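Engineer: Please read through the structure below; I'll follow up with questions.
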Amino acid sequence: MSSDMTMADATASNVSGSTDLLQRYGCGPIHFTGTRDALYERHLMFDHVVDPTSVGPRERYEAVARSVRDVLSQRWLRTEQTYERENPKRVYYLSLEFLIGRSLANNVMNLLLDPVVARVADEKGIDWLALLDEEPDAGLGNGGLGRLAACFIDSMATMQIPAMGYGLRYEYGIFRQSLRDGWQQEQPDNWLRRPDPWEVARPQESVEIRLGCSFEVRNGTFAAVPGRPSSLLGVPYDRPVIGYGGRTINTLRLWAAAAPHALDFQAFSAGDFVSALAERLSAESLTRVLYPDDSTSMGQGLRFVQEYFLVACSLADLVRRFRRTNPVGSPTDWRALPDKVAVQLNDTHPSLTVSELMRILLDDAGLGWEEAWDLTRRTLAYTNHTLLPEALEKWPLPWFELLLPRHLEIILEINRRLLDEARTRFPGDEGRIERVSLIEEGGPRKIRMANLAIVGSHSTNGVAAIHSDLLRTVTVQDLAELYPERFSNKTNGVTPRRWLRLANPALSRCITDAIGDGWITDLSQLAKLTPLADDGAFQDAVREAKRAMKHRFVAWLASTNGIAVDPDTIFDCQIKRIHEYKRQLLNALRIVVLYNRMRQNPDLDMVPRTFFFAGKAAPAYRLAKVIIKFLNNLAAAIDDDPVVRGRLRVVFLPEYGVSLAEKLIPASDVSNQISTAGYEASGTSNMKFMMNGALTIGTHDGATIEMAQAAGEENFFLFGLTADQVSGSAGWYSPFWHHHNEPETRAALDLIFSDHFNRNEPGIFEPLRDALLTGGDRFMHLADLTAYLEADRRLLASYAAPQDWTRKVIMNIANSGRFSSDRTIAEYAAEIWDAKPCPVP
Ligand SMILES: *Cc1c(COP(=O)(O)O)cnc(C)c1O
C-alpha cells in the first residue's frame, strides 16, 4: 500500500474541527500549522539549527514528535493538578519491563490529532510512514509481561484512572536480532543514542537510595564491596501516557541511576579524580541494560540490585507524594495509606516492595509492627505470571546480608510470624511449614520471592482462568489454603487502540462503517457484528480489509527485508519468544510432515501457504538458538526444492518486536498458539490475532481456552492434550512410542536426524534429537503432533470454503471484546484496587 492509504486512514477519525481540538489542548494562540510560527517549523529550525528545506527524516520525526508533545503538555500538567486537587486513590504499577514500542502514531491517534497531522504531512510533503520508521522501538521488555504493562497503562489513562507506571530507564533495551547463516546474532540496542522527544528528565525530583555495600566495576563486571555502605541517586524520566480522546494524560516514570554527589573538581588530586569518575560510571551502569531472559530467572547480582533500585525509588517517590496530601504542619496520617495508594507488583521482580514498605513504616514513620504489617498488606497486590519452576525467583540470603541487612531482619521476622500462624492452623504438618516458608533451606539459603509477595499483600492473581486455578491448586497450594480469600483471576487483555484501531486501519474502518466507533473505548460493542456473520456484503468487506493489510505487509517486507512473499497464500504465523514450552518445534514438525507429503505425492492439491516465524531467543538459551537455526534451514531447504516451491514457504523474520507485530498480525490468516497445556500462563498475542480476524489453531492452554469459549469452539481449531493429561503423563509418555508407531512422525524425525536440512553442517541438529526423543521431552511435542495435523486438515477445509471461513473470522472478531485490557483493568480497579476514575475537567 502506498502512503495514500495511510493518509486516508488518518482522516477517517471521528473528529471534526481541528481548531476546536487544538483549543481543547490549550493551544489557542499557537498554531500547529501555518507559515510563520508553526510548531513544526520552529522545532525543525531551533532544535537543530538547520534550514527546514534541507533536513533528513530523523530531524523531521523529532520536530513532529516535539510539536505533538507541545500540544499535550498543558493537558499533562492539568491531569496532575487535578489529581493533587481531588486527592483520589492512586494506582502505582511497578514493573521491571514496559514494552511500549513506538509512540508517535499512537500518541497522535489518542489525541485525536490524526486529521491535523494528515493535513500537515500533506502540505509539507512528508512521507508519514517513512517518518514513523525513524522512531526506534522502546524495547524495555522481553515479551508478554512487559507488553501487558504497556497495554495496562494505556487502559488506565483511557479509563481516567489516576495511575502511574514505574519502571527503569534502560539505556539498552532488548537486544537487536539479526541472522547470520541462519543463526541468531545479538547486537546492543542503543535506543537512546539520539535524544528521545517524549521523555522529560526531572532531576529536581531525584531520590537517594541507601545500600549496605558499595559497588565497583572490576574487569567489566559489577562487584560488591562489603561493609562499605553507599548510596545511589534515582533520577526520574517521565513519559506521557495518553488516554484515548486526550482527556487524561498519565505518567510513566522511568528511573535512571546516577552517583549521588556531583564531582567536585577542586577536591580531587588526579588519582582521586579518576576513581571518583569510576564510581560515577559504576553507579550509572546499574540501569544500563535490560536482562534479556524471558521465563527464566538468571539469578544475577546486578539484576537483584536493579530490582531493589526500582522498588526503593518508586516507594520513596510515592510516599513523598502521599505525605504531601496531608495538611501542612500536621503529622502524616499513615492509616490513610491504603485508602490513597494501591501498588500492583507485576510478577515477583518488584516484590522487595513488601520489606521496603515495612522498613519505611517501621523505621521512618515509627509505627509498631502490627500496624505497619496491616498497612503494607492492604496497600500491596501481586500478579503471578508463570508456573515454570525455573522462572520462580529466589535470591541468596547472603546477598541480603550484604546489600539489604535491614530487609533481611524484616523478612526473617515476617517469616517467624508466618510459620507460627501455619503451625497453629495446621499443627504437626511440618511438610507444609517447609513449603510455605519464605526461606528455602540448602546451601546457600534463599528467599522465595513469590512467597514473600503472597504473604505481604492482600491479593494474588493469575492471568487466565486455567493459570489462576493451577497457581492456587498446585504451585502455591499450601499458601492458598492458608489465605484462600487472597487469590483471584484476572484474565489478561490488550489495548484495542494500538492493536486494532492503529495497527489495522482497513479492518477498523470496516468495523466502524458497520457499527460506529464506540468499540474503540468499549470493545464489547464488537458483539454487534454477530448478526453480520453471514451477511454477504459485510463478509466481502472483511475479506477486502484482510487483503489490503496483506498487500501492505508484503510491500513493506519487500522494501525493507527484500523478501518477496505471495499475498494470495495463507499467512500462517507463530510470533513470540522462542521457548521449548511455546513449541516452535511442534510447528516445525507439522511443516516437515506437510513437506514429506508433497514430496511423496507431487500432485497433492493443497492451498499454498506461507509460514511466518519471528521471535528472539535468550542469548544464553542454547537450544532456543538451535531452534532458530533449524527454522531457517527448513526455510532454505523448501525454497531449494522444486517439488514444493511456490506451495510451501517458510519465512523467519528477524527482530521481532512491537512494531513488527503491529505490521504482521493484521495481515495474518492463522494464529498458532500451541504451547504445552498448563505452561502458557495466558498469552496475549493470541488476543491480538483474534481481534484482527485471524483464526486460531491452538491447544487447551492459557487464555486461548477462554477465547474459544467466547467465539464458540466451532469457530476455533483446538487440539491436543489438556493440562490434566499433561500433568498426569509422567507414567505413560514415551516419545519413542510415537516414533515407532506413527509413520509420519517417524518419517519427519528421521528426515531431520539424517542431516537432510543441514547437509553441509553435519550434526548441528543433534540437540533436537535430545529435546524431542532421547531426553524424554517434558513438553510432549510428539504427543500432540497427530492431533495438530488433524486440526490443520480441518482448518484447510474451512479455508477452502470462503463463506465458512469468513463467518468464523467475524464470529472471532465479534467475540473478542472480552480481551480488551479495558475489561481487565476494570476488574483490577473494582476487585483489587478500589480505584475510581478521576476525570480531568
Ligand atoms: C504481544 C506480544 C508478546 C506476547 O506474545 P505471546 O505470544 O503471548 O507470548 C511478546 N512480544 C511482543 C512484541 C508482543 O507484542
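Lettering and numbering for the C-alpha cells are positional, with chains as A, B, ... in the shown order, residues counted from 1 in each chain, and ligands counted from 1 in the shown order.
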Leaving out Glu790 in chain A and any residue of its chain fewer than 2 positions from it, which residues lie within 12 Å of it when counting only C-alpha atoms, given as an MDAnalysis selection string?

Structural biologist: chainID A and resid 590 593:594 697:698 717:720 784:788 792:797

Engineer: At most 6 Å is the cut-off: for each residue in chain A with any atom that close to an atom of ligand 1, write down the nearest atom pair and the distance in Å rounded to one decimal, counting only C-alpha atoms and all ligand atoms, chain first then increasing number, as a Markdown table.

Structural biologist:
```
| residue | atom | partner | partner_atom_place_in_ligand_line | distance |
| --- | --- | --- | --- | --- |
| A:Gly143 | CA | ligand 1 | 10 (C) | 3.6 |
| A:Gly144 | CA | ligand 1 | 4 (C) | 3.6 |
| A:Arg147 | CA | ligand 1 | 2 (C) | 5.9 |
| A:Lys576 | CA | ligand 1 | 7 (O) | 4.4 |
| A:Gly657 | CA | ligand 1 | 13 (C) | 3.8 |
| A:Val658 | CA | ligand 1 | 13 (C) | 3.9 |
| A:Ala661 | CA | ligand 1 | 15 (O) | 5.5 |
| A:Gly683 | CA | ligand 1 | 8 (O) | 3.3 |
| A:Thr684 | CA | ligand 1 | 8 (O) | 3.8 |
| A:Ser685 | CA | ligand 1 | 8 (O) | 4.1 |
```

Engineer: Mind dumping the selected residues with N, CA and C atoms as a compact mmCIF listing (two decimals), in the first residue's frame?

Structural biologist:
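Listing of selection.txt after writing:
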```txt
# COMPACT_ATOMS: atom_id res chain seq x y z
N GLY A 143 8.93 -9.58 26.49
CA GLY A 143 7.80 -10.16 25.77
C GLY A 143 6.49 -9.81 26.45
N GLY A 144 5.66 -10.84 26.64
CA GLY A 144 4.29 -10.64 27.10
C GLY A 144 4.16 -9.83 28.39
N ARG A 147 4.82 -6.20 27.65
CA ARG A 147 3.78 -5.65 26.78
C ARG A 147 2.47 -5.48 27.56
N LYS A 576 6.51 -15.02 18.71
CA LYS A 576 6.61 -14.94 20.17
C LYS A 576 8.04 -15.33 20.55
N GLY A 657 9.40 -7.57 17.48
CA GLY A 657 9.15 -6.55 18.49
C GLY A 657 7.75 -6.00 18.25
N VAL A 658 7.39 -4.98 19.02
CA VAL A 658 6.04 -4.42 18.91
C VAL A 658 5.76 -3.95 17.48
N ALA A 661 5.11 -6.83 15.15
CA ALA A 661 3.80 -7.44 15.48
C ALA A 661 2.67 -6.58 14.92
N GLY A 683 -0.85 -15.76 27.55
CA GLY A 683 -0.67 -15.38 26.16
C GLY A 683 -1.44 -14.09 25.92
N THR A 684 -0.88 -13.22 25.09
CA THR A 684 -1.64 -12.05 24.67
C THR A 684 -1.59 -11.86 23.16
N SER A 685 -0.58 -12.46 22.49
CA SER A 685 -0.59 -12.34 21.04
C SER A 685 -1.82 -13.08 20.50
```

Engineer: Would you please give, as a CSV table (one decimal) with N, CA and C atoms, in the first residue's frame, all residues of range 313-367 of chain A that DSSP assigns to helix (DSSP H, G or I) based on the backbone?

Structural biologist:
```csv
chain,number,residue,atom,x,y,z
A,313,CYS,N,13.3,3.5,44.7
A,313,CYS,CA,13.0,4.8,44.1
A,313,CYS,C,11.5,5.1,44.1
A,314,SER,N,10.8,4.0,43.6
A,314,SER,CA,9.3,4.2,43.4
A,314,SER,C,8.6,4.4,44.8
A,315,LEU,N,9.0,3.7,45.8
A,315,LEU,CA,8.3,3.9,47.1
A,315,LEU,C,8.7,5.2,47.7
A,316,ALA,N,9.9,5.6,47.6
A,316,ALA,CA,10.3,6.9,48.1
A,316,ALA,C,9.4,8.0,47.5
A,317,ASP,N,9.3,7.9,46.2
A,317,ASP,CA,8.5,8.8,45.4
A,317,ASP,C,7.1,8.9,45.8
A,318,LEU,N,6.4,7.7,45.9
A,318,LEU,CA,5.0,7.7,46.1
A,318,LEU,C,4.7,8.0,47.6
A,319,VAL,N,5.6,7.7,48.5
A,319,VAL,CA,5.4,8.1,49.9
A,319,VAL,C,5.5,9.6,50.0
A,320,ARG,N,6.5,10.1,49.3
A,320,ARG,CA,6.6,11.6,49.3
A,320,ARG,C,5.4,12.3,48.8
A,321,ARG,N,4.8,11.7,47.8
A,321,ARG,CA,3.5,12.3,47.2
A,321,ARG,C,2.4,12.1,48.2
A,322,PHE,N,2.3,10.9,48.8
A,322,PHE,CA,1.3,10.7,49.8
A,322,PHE,C,1.4,11.6,51.0
A,323,ARG,N,2.6,11.9,51.4
A,323,ARG,CA,2.8,12.8,52.6
A,323,ARG,C,2.4,14.2,52.2
A,324,ARG,N,2.6,14.6,51.0
A,324,ARG,CA,2.2,15.9,50.5
A,324,ARG,C,0.7,16.2,50.6
A,334,TRP,N,-0.6,7.9,58.6
A,334,TRP,CA,-0.3,6.7,57.8
A,334,TRP,C,-1.4,5.8,57.7
A,335,ARG,N,-2.4,5.8,58.6
A,335,ARG,CA,-3.5,4.9,58.5
A,335,ARG,C,-4.3,5.1,57.1
A,336,ALA,N,-4.1,6.3,56.5
A,336,ALA,CA,-4.8,6.6,55.2
A,336,ALA,C,-4.1,5.9,54.0
A,337,LEU,N,-2.9,5.4,54.2
A,337,LEU,CA,-2.2,4.9,53.1
A,337,LEU,C,-2.9,4.0,52.2
A,338,PRO,N,-3.6,2.9,52.7
A,338,PRO,CA,-4.3,2.0,51.8
A,338,PRO,C,-5.5,2.6,51.2
A,339,ASP,N,-6.0,3.8,51.7
A,339,ASP,CA,-7.1,4.5,51.1
A,339,ASP,C,-6.7,5.4,49.9
A,340,LYS,N,-5.4,5.7,49.9
A,340,LYS,CA,-4.9,6.6,48.9
A,340,LYS,C,-3.9,6.0,47.9
A,353,THR,N,9.3,-4.8,47.5
A,353,THR,CA,8.3,-3.7,47.9
A,353,THR,C,7.8,-4.1,49.3
A,354,VAL,N,7.5,-5.4,49.6
A,354,VAL,CA,7.0,-5.8,50.9
A,354,VAL,C,7.9,-5.3,52.0
A,355,SER,N,9.2,-5.7,51.9
A,355,SER,CA,10.1,-5.4,53.0
A,355,SER,C,10.5,-3.9,53.0
A,356,GLU,N,10.5,-3.3,51.8
A,356,GLU,CA,10.8,-1.8,51.8
A,356,GLU,C,9.7,-1.0,52.4
A,357,LEU,N,8.5,-1.3,52.1
A,357,LEU,CA,7.4,-0.6,52.7
A,357,LEU,C,7.3,-0.8,54.2
A,358,MET,N,7.6,-2.0,54.7
A,358,MET,CA,7.7,-2.3,56.1
A,358,MET,C,8.8,-1.5,56.7
A,359,ARG,N,9.9,-1.4,56.1
A,359,ARG,CA,11.1,-0.6,56.6
A,359,ARG,C,10.7,0.8,56.7
A,360,ILE,N,10.0,1.4,55.7
A,360,ILE,CA,9.6,2.8,55.8
A,360,ILE,C,8.6,3.0,57.0
A,361,LEU,N,7.7,2.1,57.1
A,361,LEU,CA,6.6,2.3,58.1
A,361,LEU,C,7.2,2.1,59.5
A,362,LEU,N,8.1,1.1,59.6
A,362,LEU,CA,8.7,0.9,61.0
A,362,LEU,C,9.8,1.9,61.3
A,363,ASP,N,10.7,2.2,60.4
A,363,ASP,CA,11.9,3.0,60.8
A,363,ASP,C,11.7,4.4,60.5
A,364,ASP,N,11.0,4.8,59.4
A,364,ASP,CA,10.9,6.2,59.1
A,364,ASP,C,9.6,6.8,59.8
```

Engineer: So that I can check the surroundings of Thr569 in chain A, please list as an NGL selection string every protein, DNA and RNA residue that reaches within 8 Å of it, counting only C-alpha atoms and ignoring chain neighbours fewer than 4 positions away.

Structural biologist: :A and (607-610)

Engineer: From range 146-229 of chain A, collect each residue whose DSSP state is strand (DSSP E) and return the set as a ChimeraX atom specification.

Structural biologist: /A:163-168,176-180,183-187,200-201,207-211,214-218,221-225

Engineer: Just write the chosen residues, N, CA, C and O atoms, as a compact mmCIF listing (two decimals), in the first residue's frame.

Structural biologist:
```txt
# COMPACT_ATOMS: atom_id res chain seq x y z
N ALA A 163 -3.27 6.97 37.71
CA ALA A 163 -2.31 5.87 37.76
C ALA A 163 -0.96 6.32 37.27
O ALA A 163 -0.86 7.28 36.50
N MET A 164 0.05 5.61 37.72
CA MET A 164 1.40 5.89 37.27
C MET A 164 2.11 4.55 37.08
O MET A 164 1.96 3.65 37.92
N GLY A 165 2.86 4.44 36.00
CA GLY A 165 3.71 3.27 35.83
C GLY A 165 5.10 3.62 36.34
O GLY A 165 5.58 4.73 36.10
N TYR A 166 5.73 2.69 37.05
CA TYR A 166 7.10 2.87 37.50
C TYR A 166 7.98 1.78 36.89
O TYR A 166 7.66 0.59 37.04
N GLY A 167 9.06 2.18 36.26
CA GLY A 167 9.98 1.20 35.67
C GLY A 167 11.39 1.74 35.65
O GLY A 167 11.69 2.74 36.29
N LEU A 168 12.27 1.07 34.90
CA LEU A 168 13.65 1.51 34.79
C LEU A 168 13.93 2.03 33.39
O LEU A 168 13.40 1.51 32.40
N ARG A 176 19.02 -6.22 19.72
CA ARG A 176 18.54 -6.32 18.35
C ARG A 176 19.01 -7.64 17.75
O ARG A 176 20.12 -8.08 17.98
N GLN A 177 18.13 -8.27 17.00
CA GLN A 177 18.41 -9.60 16.47
C GLN A 177 18.66 -9.53 14.96
O GLN A 177 17.87 -8.92 14.23
N SER A 178 19.74 -10.17 14.53
CA SER A 178 19.91 -10.37 13.09
C SER A 178 20.25 -11.84 12.89
O SER A 178 20.42 -12.59 13.85
N LEU A 179 20.32 -12.25 11.64
CA LEU A 179 20.61 -13.66 11.34
C LEU A 179 21.90 -13.73 10.53
O LEU A 179 22.10 -12.93 9.62
N ARG A 180 22.77 -14.68 10.91
CA ARG A 180 23.94 -14.95 10.07
C ARG A 180 24.01 -16.45 9.85
O ARG A 180 24.10 -17.21 10.82
N TRP A 183 21.79 -18.38 12.03
CA TRP A 183 21.94 -18.31 13.49
C TRP A 183 21.61 -16.91 13.99
O TRP A 183 21.90 -15.92 13.33
N GLN A 184 21.01 -16.86 15.17
CA GLN A 184 20.73 -15.56 15.77
C GLN A 184 22.03 -14.85 16.17
O GLN A 184 22.91 -15.44 16.80
N GLN A 185 22.12 -13.56 15.79
CA GLN A 185 23.20 -12.70 16.28
C GLN A 185 22.57 -11.60 17.11
O GLN A 185 21.52 -11.08 16.74
N GLU A 186 23.22 -11.24 18.19
CA GLU A 186 22.68 -10.17 19.03
C GLU A 186 23.53 -8.91 18.90
O GLU A 186 24.75 -8.98 18.92
N GLN A 187 22.84 -7.79 18.75
CA GLN A 187 23.53 -6.50 18.78
C GLN A 187 22.89 -5.65 19.88
O GLN A 187 21.67 -5.73 20.09
N VAL A 200 10.83 13.44 29.63
CA VAL A 200 11.12 14.68 30.34
C VAL A 200 11.93 14.30 31.57
O VAL A 200 11.42 13.60 32.45
N ALA A 201 13.19 14.73 31.64
CA ALA A 201 14.01 14.46 32.83
C ALA A 201 13.56 15.38 33.96
O ALA A 201 13.27 16.55 33.73
N VAL A 207 15.63 10.91 43.89
CA VAL A 207 15.59 10.36 45.25
C VAL A 207 16.92 9.66 45.53
O VAL A 207 17.59 9.18 44.61
N GLU A 208 17.29 9.62 46.81
CA GLU A 208 18.54 8.97 47.17
C GLU A 208 18.23 7.64 47.85
O GLU A 208 17.39 7.54 48.72
N ILE A 209 18.96 6.62 47.43
CA ILE A 209 18.72 5.24 47.87
C ILE A 209 19.93 4.76 48.65
O ILE A 209 21.06 4.91 48.18
N ARG A 210 19.71 4.15 49.81
CA ARG A 210 20.85 3.68 50.61
C ARG A 210 21.04 2.17 50.47
O ARG A 210 20.08 1.41 50.47
N LEU A 211 22.29 1.78 50.35
CA LEU A 211 22.63 0.35 50.20
C LEU A 211 23.64 -0.04 51.26
O LEU A 211 24.46 0.78 51.68
N SER A 214 29.06 -1.14 48.80
CA SER A 214 29.39 -0.31 47.63
C SER A 214 29.58 -1.22 46.42
O SER A 214 29.64 -2.45 46.57
N PHE A 215 29.72 -0.60 45.28
CA PHE A 215 29.94 -1.37 44.05
C PHE A 215 31.08 -0.79 43.25
O PHE A 215 31.32 0.41 43.27
N GLU A 216 31.76 -1.69 42.56
CA GLU A 216 32.79 -1.28 41.63
C GLU A 216 32.59 -2.07 40.34
O GLU A 216 32.11 -3.20 40.39
N VAL A 217 33.02 -1.47 39.25
CA VAL A 217 33.10 -2.26 38.02
C VAL A 217 34.54 -2.76 37.94
O VAL A 217 35.47 -1.97 37.85
N ARG A 218 34.67 -4.07 38.08
CA ARG A 218 36.02 -4.67 38.02
C ARG A 218 36.08 -5.65 36.87
O ARG A 218 35.26 -6.55 36.79
N THR A 221 32.90 -6.46 35.22
CA THR A 221 31.73 -6.95 35.95
C THR A 221 31.50 -6.08 37.19
O THR A 221 32.40 -5.41 37.69
N PHE A 222 30.28 -6.16 37.64
CA PHE A 222 29.79 -5.35 38.74
C PHE A 222 30.11 -6.12 40.02
O PHE A 222 29.63 -7.22 40.22
N ALA A 223 30.98 -5.58 40.88
CA ALA A 223 31.37 -6.33 42.08
C ALA A 223 31.01 -5.55 43.34
O ALA A 223 31.15 -4.33 43.39
N ALA A 224 30.50 -6.28 44.34
CA ALA A 224 30.12 -5.64 45.60
C ALA A 224 31.35 -5.48 46.49
O ALA A 224 32.22 -6.34 46.53
N VAL A 225 31.40 -4.36 47.21
CA VAL A 225 32.45 -4.14 48.20
C VAL A 225 31.76 -4.17 49.56
O VAL A 225 31.05 -3.24 49.91
```

Engineer: Please list as an MDAnalysis selection string every residue within 10 Å of range 758-770 of chain A, counting only C-alpha atoms and excluding residues in the same chain fewer than 2 positions away.

Structural biologist: chainID A and resid 585 622:623 626:627 629:630 633:634 636:637 749:750 752:756 772:777
